[in-house]
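Source file: query-v4.cif. Holds: mmCIF, C-alpha atoms and all ligand atoms.
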```cif
data_final
loop_
_atom_site.label_atom_id
_atom_site.label_comp_id
_atom_site.auth_asym_id
_atom_site.auth_seq_id
_atom_site.Cartn_x
_atom_site.Cartn_y
_atom_site.Cartn_z
CA MET A 134 9.15 27.49 21.26
CA ARG A 135 8.94 23.89 22.41
CA TYR A 136 7.26 21.14 20.43
CA ALA A 137 6.11 17.67 21.37
CA SER A 138 8.47 14.77 20.70
CA ILE A 139 6.24 13.38 17.93
CA THR A 140 7.41 16.25 15.71
CA ASP A 141 11.01 15.14 16.20
CA ARG A 142 10.17 11.50 15.55
CA MET A 143 8.43 12.42 12.30
CA ALA A 144 10.87 15.11 11.12
CA GLY A 145 12.58 14.44 7.83
CA LEU A 146 10.60 11.24 7.27
CA GLY A 147 10.07 10.65 3.64
CA SER A 148 11.82 13.65 2.14
CA GLY A 149 14.86 11.69 0.94
CA LYS A 150 12.70 8.85 -0.32
CA TRP A 151 10.93 11.08 -2.81
CA ALA A 152 13.95 13.06 -4.03
CA VAL A 153 13.94 11.57 -7.56
CA HIS A 154 10.19 12.12 -7.89
CA VAL A 155 10.41 15.72 -6.66
CA GLU A 156 13.26 16.48 -9.05
CA ALA A 157 11.35 14.82 -11.91
CA ARG A 158 8.35 17.07 -11.23
CA ARG A 159 10.65 20.10 -11.12
CA ARG A 160 12.16 19.21 -14.48
CA ALA A 161 8.73 18.52 -15.98
CA ALA A 162 7.47 21.92 -14.73
CA ALA A 163 10.54 23.48 -16.40
CA GLY A 164 9.39 22.03 -19.73
CA ASN A 165 11.33 18.74 -19.94
CA ARG A 166 9.46 15.69 -21.16
CA ILE A 167 9.60 13.09 -18.41
CA ILE A 168 8.01 9.64 -18.44
CA GLU A 169 6.83 9.56 -14.83
CA LEU A 170 6.71 6.05 -13.36
CA THR A 171 7.12 7.03 -9.72
CA ILE A 172 3.72 7.04 -8.04
CA GLY A 173 0.80 4.62 -8.14
CA GLU A 174 -2.23 6.68 -8.99
CA PRO A 175 -4.95 4.83 -10.96
CA ASP A 176 -4.88 5.94 -14.61
CA VAL A 177 -8.61 5.50 -15.13
CA ALA A 178 -11.56 7.63 -14.02
CA PRO A 179 -14.04 6.45 -11.37
CA GLU A 180 -17.26 5.02 -12.75
CA PRO A 181 -19.77 7.75 -13.65
CA ALA A 182 -22.44 6.10 -11.46
CA LEU A 183 -20.22 6.54 -8.38
CA LEU A 184 -19.84 10.25 -9.09
CA GLU A 185 -23.54 10.62 -9.81
CA VAL A 186 -24.47 9.06 -6.48
CA MET A 187 -22.09 11.47 -4.79
CA MET A 188 -23.42 14.52 -6.63
CA HIS A 189 -26.96 13.48 -5.88
CA ALA A 190 -26.10 13.05 -2.21
CA LEU A 191 -24.50 16.50 -2.14
CA ARG A 192 -27.60 18.08 -3.65
CA ALA A 193 -29.83 16.12 -1.28
CA GLY A 194 -28.15 17.80 1.69
CA ARG A 195 -25.82 14.98 2.71
CA THR A 196 -23.38 17.61 3.88
CA ARG A 197 -24.21 17.61 7.57
CA TYR A 198 -22.10 15.98 10.28
CA GLY A 199 -21.71 12.25 9.74
CA SER A 200 -21.51 9.41 12.23
CA GLY A 201 -18.22 9.11 14.12
CA ARG A 202 -18.24 5.36 13.60
CA ALA A 203 -19.37 5.08 9.97
CA ASP A 204 -22.51 6.08 8.17
CA PRO A 205 -24.95 3.26 9.09
CA ALA A 206 -25.70 2.30 5.48
CA LEU A 207 -21.98 2.21 4.65
CA ALA A 208 -21.14 0.22 7.79
CA ALA A 209 -23.79 -2.32 6.78
CA VAL A 210 -22.35 -2.67 3.25
CA ILE A 211 -18.77 -3.05 4.54
CA ALA A 212 -19.85 -5.56 7.21
CA GLU A 213 -21.72 -7.58 4.58
CA ARG A 214 -18.72 -7.53 2.27
CA TYR A 215 -16.34 -8.88 4.93
CA ALA A 216 -18.92 -11.39 6.18
CA ARG A 217 -19.24 -12.75 2.64
CA ARG A 218 -15.49 -12.86 2.18
CA SER A 219 -14.70 -14.51 5.52
CA GLY A 220 -17.79 -16.67 5.91
CA ARG A 221 -18.04 -15.32 9.49
CA SER A 222 -20.56 -13.01 11.04
CA VAL A 223 -19.35 -9.41 10.75
CA ALA A 224 -21.51 -6.60 12.16
CA ALA A 225 -21.55 -2.81 11.84
CA ALA A 226 -19.91 -2.79 15.28
CA ASN A 227 -16.82 -4.35 13.64
CA VAL A 228 -16.44 -1.41 11.25
CA LEU A 229 -15.03 2.13 11.50
CA ALA A 230 -14.85 4.53 8.54
CA PHE A 231 -11.74 6.63 7.92
CA PRO A 232 -10.60 9.06 5.25
CA GLY A 233 -8.51 6.46 3.41
CA THR A 234 -6.43 3.43 4.31
CA GLN A 235 -3.68 5.75 5.47
CA ALA A 236 -5.82 7.31 8.22
CA ALA A 237 -7.12 3.86 9.17
CA LEU A 238 -3.53 2.64 9.51
CA TYR A 239 -2.51 5.63 11.58
CA ALA A 240 -5.48 5.39 13.93
CA SER A 241 -5.26 1.61 14.29
CA MET A 242 -1.58 1.75 15.13
CA THR A 243 -2.28 4.45 17.72
CA ALA A 244 -4.63 2.02 19.44
CA LEU A 245 -2.21 -0.93 19.36
CA ALA A 246 1.38 0.30 19.80
CA ASP A 247 2.98 2.44 22.49
CA HIS A 248 6.29 4.09 23.33
CA GLY A 249 8.97 1.43 23.64
CA ASP A 250 7.00 -1.18 21.68
CA GLU A 251 8.10 -2.65 18.37
CA VAL A 252 6.05 -3.23 15.24
CA LEU A 253 7.13 -5.94 12.81
CA VAL A 254 7.11 -4.85 9.18
CA GLY A 255 8.44 -6.64 6.11
CA ASP A 256 11.43 -4.84 4.56
CA PRO A 257 11.00 -3.46 1.88
CA MET A 258 7.81 -1.69 2.96
CA TYR A 259 5.35 0.97 1.79
CA ALA A 260 6.84 4.41 2.26
CA THR A 261 4.50 5.68 5.02
CA TYR A 262 4.77 2.68 7.34
CA GLU A 263 7.79 3.95 9.20
CA GLY A 264 5.90 7.15 10.01
CA VAL A 265 2.78 5.26 11.05
CA VAL A 266 4.84 3.28 13.55
CA ARG A 267 7.08 6.11 14.70
CA ALA A 268 4.12 8.41 15.39
CA THR A 269 3.06 6.08 18.21
CA GLY A 270 6.50 6.15 19.81
CA ALA A 271 7.10 2.52 18.82
CA ARG A 272 9.95 1.36 16.57
CA VAL A 273 9.89 -0.57 13.30
CA ARG A 274 11.27 -4.09 13.69
CA PRO A 275 12.12 -5.10 10.10
CA VAL A 276 11.43 -8.62 8.86
CA PRO A 277 13.67 -9.31 5.84
CA LEU A 278 11.76 -10.06 2.64
CA ARG A 279 14.03 -11.74 0.13
CA ALA A 280 14.19 -11.39 -3.63
CA ALA A 281 14.88 -15.15 -3.78
CA ASP A 282 11.41 -15.70 -2.22
CA ARG A 283 9.87 -13.12 -4.58
CA PHE A 284 9.57 -10.98 -1.42
CA HIS A 285 6.96 -13.25 0.17
CA MET A 286 7.29 -13.05 3.96
CA ARG A 287 8.50 -16.33 5.46
CA ALA A 288 7.20 -17.43 8.86
CA GLU A 289 10.78 -18.39 9.90
CA ASP A 290 12.02 -14.87 9.20
CA LEU A 291 9.13 -13.42 11.18
CA GLU A 292 9.82 -15.78 14.08
CA ALA A 293 13.50 -14.81 14.06
CA ALA A 294 12.63 -11.10 14.14
CA VAL A 295 10.17 -11.21 17.07
CA THR A 296 11.36 -9.60 20.32
CA PRO A 297 9.56 -9.32 23.66
CA GLN A 298 8.77 -5.69 22.71
CA CYS A 299 6.80 -6.65 19.59
CA ARG A 300 3.06 -5.96 19.72
CA VAL A 301 1.93 -5.82 16.10
CA LEU A 302 2.71 -7.24 12.67
CA LEU A 303 1.91 -4.72 9.94
CA LEU A 304 1.20 -6.90 6.93
CA ASN A 305 0.57 -5.79 3.34
CA SER A 306 -0.66 -8.06 0.56
CA PRO A 307 -0.68 -7.49 -2.37
CA HIS A 308 2.47 -5.70 -1.38
CA ASN A 309 3.77 -2.28 -2.30
CA PRO A 310 6.48 -2.07 -3.66
CA THR A 311 7.07 -5.76 -4.54
CA GLY A 312 3.63 -7.00 -5.65
CA ALA A 313 4.08 -10.11 -3.47
CA THR A 314 0.65 -11.54 -2.68
CA LEU A 315 0.50 -14.03 0.15
CA THR A 316 -1.29 -17.36 -0.17
CA ARG A 317 -3.63 -18.75 2.45
CA ASP A 318 -0.96 -21.20 3.60
CA GLU A 319 1.67 -18.48 3.92
CA ILE A 320 -0.75 -16.38 5.96
CA ALA A 321 -1.62 -19.36 8.17
CA ALA A 322 2.09 -19.94 8.91
CA ILE A 323 2.68 -16.22 9.59
CA GLY A 324 -0.47 -16.16 11.71
CA GLU A 325 0.77 -19.08 13.79
CA VAL A 326 3.84 -17.04 14.75
CA CYS A 327 1.56 -14.12 15.66
CA ARG A 328 -0.60 -16.37 17.83
CA ARG A 329 2.44 -17.79 19.58
CA HIS A 330 3.70 -14.32 20.45
CA ASP A 331 0.27 -12.76 21.00
CA LEU A 332 0.71 -10.18 18.25
CA TRP A 333 -1.94 -8.11 16.54
CA ILE A 334 -2.01 -8.22 12.74
CA VAL A 335 -2.85 -5.01 10.93
CA SER A 336 -3.53 -6.12 7.37
CA ASP A 337 -3.27 -3.44 4.69
CA GLU A 338 -5.45 -4.77 1.87
CA VAL A 339 -5.71 -1.67 -0.30
CA TYR A 340 -4.66 -3.70 -3.40
CA GLU A 341 -7.03 -6.62 -2.72
CA GLU A 342 -8.88 -6.20 -6.01
CA LEU A 343 -5.65 -5.92 -7.97
CA THR A 344 -4.61 -9.53 -7.24
CA PHE A 345 -3.51 -10.68 -10.71
CA ASP A 346 -4.00 -14.46 -10.49
CA GLY A 347 -5.09 -16.82 -7.79
CA ALA A 348 -7.23 -15.97 -4.82
CA PHE A 349 -6.70 -13.04 -2.51
CA ALA A 350 -6.11 -14.25 1.06
CA SER A 351 -6.35 -12.32 4.32
CA PRO A 352 -5.67 -13.12 7.98
CA PHE A 353 -9.06 -11.50 8.65
CA ASP A 354 -10.71 -14.43 6.88
CA ASP A 355 -8.82 -17.06 8.90
CA PRO A 356 -11.01 -17.94 11.93
CA ALA A 357 -7.87 -18.73 13.93
CA LEU A 358 -6.65 -15.14 13.45
CA ALA A 359 -9.90 -13.17 13.51
CA GLU A 360 -9.60 -12.03 17.14
CA ARG A 361 -6.18 -10.44 16.48
CA THR A 362 -6.64 -9.03 12.97
CA VAL A 363 -7.62 -5.56 11.79
CA ALA A 364 -8.13 -5.24 8.03
CA VAL A 365 -7.75 -1.77 6.53
CA SER A 366 -8.63 -0.73 3.01
CA SER A 367 -10.35 1.90 0.86
CA ILE A 368 -11.86 2.68 -2.52
CA SER A 369 -8.69 4.58 -3.54
CA LYS A 370 -7.36 1.80 -5.77
CA SER A 371 -10.37 -0.50 -6.27
CA HIS A 372 -12.55 2.33 -7.60
CA ALA A 373 -9.85 4.68 -8.86
CA ALA A 374 -10.95 7.29 -6.34
CA PRO A 375 -7.98 8.18 -4.11
CA GLY A 376 -9.08 11.81 -3.84
CA LEU A 377 -12.36 10.88 -2.16
CA ARG A 378 -10.37 9.67 0.85
CA SER A 379 -12.77 6.90 1.72
CA GLY A 380 -11.47 3.94 3.69
CA TRP A 381 -12.21 1.78 6.72
CA ALA A 382 -10.91 -0.52 9.42
CA VAL A 383 -12.66 -3.81 10.19
CA GLY A 384 -11.72 -5.67 13.34
CA PRO A 385 -12.89 -7.13 16.64
CA GLN A 386 -15.69 -5.17 18.30
CA GLU A 387 -13.62 -4.35 21.37
CA PHE A 388 -10.91 -2.92 19.12
CA CYS A 389 -13.48 -0.74 17.31
CA GLN A 390 -15.00 0.35 20.62
CA ARG A 391 -11.59 1.41 21.93
CA LEU A 392 -10.60 3.08 18.67
CA LEU A 393 -13.86 5.01 18.35
CA PRO A 394 -13.04 7.85 20.79
CA ILE A 395 -9.64 8.29 19.11
CA SER A 396 -11.27 8.45 15.70
CA GLU A 397 -14.05 10.77 16.86
CA THR A 398 -11.62 13.09 18.59
CA MET A 399 -9.56 13.34 15.44
CA LEU A 400 -12.23 13.34 12.72
CA PHE A 401 -15.65 14.00 14.24
CA GLY A 402 -17.12 11.75 11.57
CA THR A 403 -16.63 11.29 7.86
CA PRO A 404 -18.58 13.03 5.07
CA PRO A 405 -22.06 11.53 4.43
CA PHE A 406 -21.98 12.22 0.67
CA ILE A 407 -18.73 10.27 0.38
CA ALA A 408 -20.22 7.49 2.51
CA ASP A 409 -23.14 7.27 0.06
CA ALA A 410 -20.81 7.03 -2.93
CA THR A 411 -18.70 4.40 -1.14
CA ALA A 412 -21.73 2.32 -0.12
CA HIS A 413 -22.87 2.39 -3.75
CA ALA A 414 -19.39 1.47 -4.98
CA LEU A 415 -19.03 -1.47 -2.59
CA GLY A 416 -22.50 -2.81 -3.30
CA ALA A 417 -21.33 -4.66 -6.42
CA ALA A 418 -18.11 -5.95 -7.96
CA SER A 419 -15.91 -3.12 -9.23
CA ALA A 420 -15.65 -3.08 -13.03
CA THR A 421 -12.97 -0.39 -12.65
CA ALA A 422 -10.82 -2.71 -10.53
CA GLU A 423 -11.21 -5.50 -13.04
CA ARG A 424 -10.11 -3.22 -15.89
CA MET A 425 -7.09 -2.07 -13.91
CA ARG A 426 -6.24 -5.60 -12.80
CA LEU A 427 -6.12 -6.79 -16.40
CA ALA A 428 -4.22 -3.71 -17.61
CA TYR A 429 -1.58 -3.81 -14.85
CA ARG A 430 -1.07 -7.54 -15.24
CA ARG A 431 -0.62 -7.09 -18.98
CA ARG A 432 1.77 -4.17 -18.50
CA ALA A 433 3.82 -6.11 -15.93
CA GLY A 434 4.23 -8.78 -18.62
CA LEU A 435 5.17 -6.12 -21.16
CA VAL A 436 7.90 -4.71 -18.90
CA ALA A 437 9.17 -8.21 -18.12
CA GLU A 438 9.46 -8.96 -21.85
CA SER A 439 11.02 -5.60 -22.73
CA ILE A 440 13.65 -5.45 -20.00
CA ALA A 441 16.90 -7.04 -21.12
CA SER A 442 19.87 -8.48 -19.26
CA PRO A 443 21.69 -7.34 -17.14
CA LEU A 444 18.45 -5.81 -15.80
CA VAL A 445 16.21 -8.41 -14.15
CA PRO A 446 12.45 -7.89 -13.75
CA LEU A 447 10.56 -9.43 -10.87
CA ILE A 448 7.03 -10.22 -12.02
CA PRO A 449 4.49 -9.10 -9.38
CA ASP A 450 1.50 -11.17 -8.18
CA GLY A 451 -0.63 -8.05 -7.89
CA GLY A 452 -0.75 -4.29 -7.34
CA MET A 453 0.34 -1.39 -9.51
CA PHE A 454 4.09 -1.80 -9.70
CA ILE A 455 6.90 -3.98 -10.99
CA LEU A 456 10.41 -4.18 -9.57
CA VAL A 457 13.51 -4.35 -11.74
CA ASP A 458 16.84 -5.44 -10.25
CA VAL A 459 19.77 -3.31 -11.44
CA ALA A 460 22.46 -4.94 -9.24
CA ALA A 461 24.30 -6.46 -12.22
CA THR A 462 24.95 -2.97 -13.65
CA GLY A 463 27.18 -2.20 -10.65
CA LEU A 464 24.86 0.63 -9.54
CA ASP A 465 22.21 0.42 -6.85
CA GLY A 466 18.63 1.51 -7.43
CA GLU A 467 19.28 5.05 -6.30
CA GLY A 468 22.31 5.53 -8.54
CA PHE A 469 20.52 4.03 -11.53
CA ALA A 470 17.33 6.08 -10.93
CA TRP A 471 19.26 9.38 -10.94
CA ARG A 472 21.05 8.43 -14.17
CA LEU A 473 17.73 7.34 -15.69
CA LEU A 474 16.17 10.68 -14.82
CA ASP A 475 18.73 12.31 -17.11
CA GLU A 476 17.32 10.01 -19.83
CA GLY A 477 13.84 11.41 -19.18
CA VAL A 478 12.42 8.53 -17.11
CA ALA A 479 11.47 8.90 -13.45
CA VAL A 480 11.25 5.76 -11.27
CA MET A 481 11.43 5.15 -7.53
CA PRO A 482 14.72 3.80 -6.16
CA GLY A 483 13.94 0.56 -4.33
CA GLY A 484 15.95 1.83 -1.35
CA SER A 485 13.13 4.31 -0.69
CA PHE A 486 11.19 1.30 0.58
CA GLY A 487 13.94 -0.25 2.68
CA GLU A 488 17.24 -2.02 2.60
CA GLY A 489 15.70 -5.17 1.08
CA ALA A 490 14.99 -3.41 -2.23
CA ARG A 491 18.20 -1.33 -2.42
CA THR A 492 19.30 -2.78 -5.76
CA PHE A 493 15.84 -2.45 -7.37
CA LEU A 494 13.80 0.17 -9.18
CA ARG A 495 10.05 0.37 -8.60
CA ILE A 496 8.18 1.10 -11.80
CA SER A 497 4.56 2.19 -11.82
CA LEU A 498 2.28 0.37 -14.27
CA THR A 499 -0.24 3.20 -14.37
CA VAL A 500 0.90 4.69 -17.68
CA PRO A 501 0.01 3.73 -21.26
CA ASP A 502 1.81 0.74 -22.82
CA GLU A 503 3.76 2.91 -25.29
CA ALA A 504 5.22 5.06 -22.49
CA LEU A 505 6.23 1.94 -20.57
CA ALA A 506 7.82 0.38 -23.65
CA GLU A 507 9.78 3.58 -24.33
CA ALA A 508 10.89 3.74 -20.68
CA CYS A 509 12.10 0.12 -20.89
CA SER A 510 14.19 0.87 -24.01
CA ARG A 511 15.81 3.80 -22.25
CA MET A 512 16.53 1.64 -19.20
CA ASN A 513 18.12 -1.04 -21.38
CA ARG A 514 20.26 1.52 -23.24
CA LEU A 515 21.39 3.10 -19.99
CA ALA A 516 22.28 -0.33 -18.53
CA GLU A 517 24.36 -1.09 -21.64
CA ARG A 518 26.34 2.12 -21.11
CA VAL A 519 26.68 1.76 -17.35
CA VAL A 520 28.11 -1.78 -17.29
CA PRO A 521 31.40 -1.01 -19.18
CA GLU A 522 31.69 2.31 -17.34
CA ARG A 523 31.52 0.53 -13.99
CA ARG A 524 34.00 -2.11 -15.16
CA ARG A 525 36.48 0.62 -16.05
CA ALA A 526 35.92 2.45 -12.75
C1 LIG B 601 0.30 -0.21 0.58
C2 LIG B 601 -0.50 1.05 0.62
N1 LIG B 601 -1.23 1.32 1.71
C3 LIG B 601 -1.96 2.44 1.81
C4 LIG B 601 -1.98 3.37 0.78
C5 LIG B 601 -2.81 4.60 0.94
O1 LIG B 601 -4.13 4.32 0.52
P1 LIG B 601 -5.33 5.30 0.73
O2 LIG B 601 -5.43 6.17 -0.46
O3 LIG B 601 -6.51 4.42 0.88
O4 LIG B 601 -5.06 6.09 1.98
C6 LIG B 601 -1.24 3.15 -0.38
C7 LIG B 601 -1.22 4.13 -1.47
O5 LIG B 601 -0.49 4.06 -2.41
C8 LIG B 601 -0.47 1.95 -0.46
O6 LIG B 601 0.28 1.68 -1.54
#
```
Reformat the file's structure so that it appears as structure tokens.
Amino acid sequence: MRYASITDRMAGLGSGKWAVHVEARRRAAAGNRIIELTIGEPDVAPEPALLEVMMHALRAGRTRYGSGRADPALAAVIAERYARRSGRSVAAANVLAFPGTQAALYASMTALADHGDEVLVGDPMYATYEGVVRATGARVRPVPLRAADRFHMRAEDLEAAVTPQCRVLLLNSPHNPTGATLTRDEIAAIGEVCRRHDLWIVSDEVYEELTFDGAFASPFDDPALAERTVAVSSISKSHAAPGLRSGWAVGPQEFCQRLLPISETMLFGTPPFIADATAHALGAASATAERMRLAYRRRAGLVAESIASPLVPLIPDGGMFILVDVAATGLDGEGFAWRLLDEGVAVMPGGSFGEGARTFLRISLTVPDEALAEACSRMNRLAERVVPERRRA
């Protein structure tokens, strides 16, 4: 039978990236004790009040078809939130609800990029971005993010990467996997390049509330960039509720109007009981996010203190992960991660996120301090063994 070309473009995406994680899960299922530091799933429960609102909504019959755009009460809360943040007027017509940031990314990219186009993405990048871009028929145009800049995107590197085919910059701050969190000035400089080349900015802000220090900044909040920016986010991280699949896109009204039929055709609305829980969650500051922010910042410090030379930690500005550079051991991230798995610790090879992180490991901070400390000791011991081995080789 024949299949559409999208299935070819997407085939095999991701499988190699997750090989260490998959093998770790297999070994754990077989009874081995593995410290799993691969994925970034919040390690706290959602607030009871959020669940109660949802249960109440379920019992109250909020199980009928929902609005294709966003439940009106939820759209109002999201609009108010972004109006407060940006100091601009943001209306319900600027908002579309989606089942998670991921779906919002996918749908937004469908509306902005076509076959033959290019989408600029910092390298390293979050593991699904390549698929999000490829699904549209466009290609990823990598913008190198450098360890020397703590993986903050530089406007000059963006400028150098732009081609006439580029339509969109897919930006992520705080960034997965590096934790780089862009400042207002950095965003203004990046935005200037986007204005010059008439590029859209899709801004993945799923880790907004996990900004460790300093202020979170977004191109959405910059009046000079508002007409070309779509912000996407969710309650997956901020409210420790990834399974609820509740996210949104906020952008210019024409963008939302054009995206609406795509979203409706795909989703036919989002669940009202989840909209109620989300509206409740977004109505006030998230205590869950604050707890996680403090815990992940502390744990990043703990890893940085525990990791010894020749391993080099890169302290993140935000998010749920810390990178550790293993280059000085003579192995790359992939080689080190496989060896480390034999020591009972599962981490993501940096190369799973792109060439720019090939010599790094990405370590999730969503496990208790003791497990992290133990994992660091095993990493240090492995590095001590690997260095002389590599010298002999
Ligand atoms: C950068 C980034 N974007 C998007 C997502 C997906 O978020 P959601 O659960 O809201 O779809 C993740 C999840 O880890 C992520 O790290």
For Glu185 (chain A): contacts at 12 Å, only C-alpha atoms, fewer than 6 positions along chain excluded, given as an NGL selection string: :A and (179 or 191-193 or 406-407 or 409-411 or 413-414)
Shell of 10 Å around region 389-399 of chain A, only C-alpha atoms, local chain residues under 5 positions omitted, as a PyMOL selection string: chain A and resi 200-202+225-231+236-237+240-245+363+382-384
9 Å contact set for Cys509 (chain A), all atoms listed in the file, chain neighbours under 6 positions out, as a PyMOL selection string: chain A and resi 436+439-441
Shortest interatomic distance to Leu304 (chain A) - which of A:Leu427, A:Leu207, A:Ala408, A:Leu291, counting all atoms listed in the file: A:Leu291
Near-ligand residues for ligand LIG 601 (chain B), threshold 9 Å, all atoms listed in the file, as a PyMOL selection string: chain A and resi 172-174+231-238+258-262+305-310+337-340+365-370+374-381+452-453
Can you rebuild region 381-396 of chain A with N, CA and C atoms and give it as an mmCIF file, in the coordinates of the input?
```
data_model
loop_
_atom_site.group_PDB
_atom_site.id
_atom_site.type_symbol
_atom_site.label_atom_id
_atom_site.label_comp_id
_atom_site.auth_asym_id
_atom_site.auth_seq_id
_atom_site.Cartn_x
_atom_site.Cartn_y
_atom_site.Cartn_z
ATOM 1 N N TRP A 381 -11.587 2.376 5.534
ATOM 2 C CA TRP A 381 -12.210 1.780 6.720
ATOM 3 C C TRP A 381 -11.230 0.850 7.418
ATOM 4 N N ALA A 382 -11.578 0.546 8.670
ATOM 5 C CA ALA A 382 -10.910 -0.520 9.420
ATOM 6 C C ALA A 382 -11.994 -1.489 9.866
ATOM 7 N N VAL A 383 -11.712 -2.788 9.748
ATOM 8 C CA VAL A 383 -12.660 -3.810 10.190
ATOM 9 C C VAL A 383 -11.902 -4.725 11.146
ATOM 10 N N GLY A 384 -12.433 -4.868 12.346
ATOM 11 C CA GLY A 384 -11.720 -5.670 13.340
ATOM 12 C C GLY A 384 -12.641 -6.110 14.463
ATOM 13 N N PRO A 385 -12.074 -6.696 15.508
ATOM 14 C CA PRO A 385 -12.890 -7.130 16.640
ATOM 15 C C PRO A 385 -13.674 -5.956 17.239
ATOM 16 N N GLN A 386 -14.834 -6.253 17.806
ATOM 17 C CA GLN A 386 -15.690 -5.170 18.300
ATOM 18 C C GLN A 386 -15.024 -4.389 19.433
ATOM 19 N N GLU A 387 -14.285 -5.080 20.288
ATOM 20 C CA GLU A 387 -13.620 -4.350 21.370
ATOM 21 C C GLU A 387 -12.591 -3.363 20.802
ATOM 22 N N PHE A 388 -11.879 -3.812 19.773
ATOM 23 C CA PHE A 388 -10.910 -2.920 19.120
ATOM 24 C C PHE A 388 -11.634 -1.670 18.586
ATOM 25 N N CYS A 389 -12.746 -1.880 17.892
ATOM 26 C CA CYS A 389 -13.480 -0.740 17.310
ATOM 27 C C CYS A 389 -13.994 0.173 18.421
ATOM 28 N N GLN A 390 -14.471 -0.425 19.499
ATOM 29 C CA GLN A 390 -15.000 0.350 20.620
ATOM 30 C C GLN A 390 -13.897 1.227 21.221
ATOM 31 N N ARG A 391 -12.703 0.652 21.341
ATOM 32 C CA ARG A 391 -11.590 1.410 21.930
ATOM 33 C C ARG A 391 -11.051 2.453 20.965
ATOM 34 N N LEU A 392 -11.131 2.139 19.677
ATOM 35 C CA LEU A 392 -10.600 3.080 18.670
ATOM 36 C C LEU A 392 -11.561 4.244 18.443
ATOM 37 N N LEU A 393 -12.847 4.008 18.689
ATOM 38 C CA LEU A 393 -13.860 5.010 18.350
ATOM 39 C C LEU A 393 -13.576 6.393 18.953
ATOM 40 N N PRO A 394 -13.296 6.496 20.270
ATOM 41 C CA PRO A 394 -13.040 7.850 20.790
ATOM 42 C C PRO A 394 -11.826 8.513 20.158
ATOM 43 N N ILE A 395 -10.834 7.723 19.767
ATOM 44 C CA ILE A 395 -9.640 8.290 19.110
ATOM 45 C C ILE A 395 -10.068 8.856 17.763
ATOM 46 N N SER A 396 -10.813 8.041 17.025
ATOM 47 C CA SER A 396 -11.270 8.450 15.700
ATOM 48 C C SER A 396 -12.188 9.666 15.781
#
```
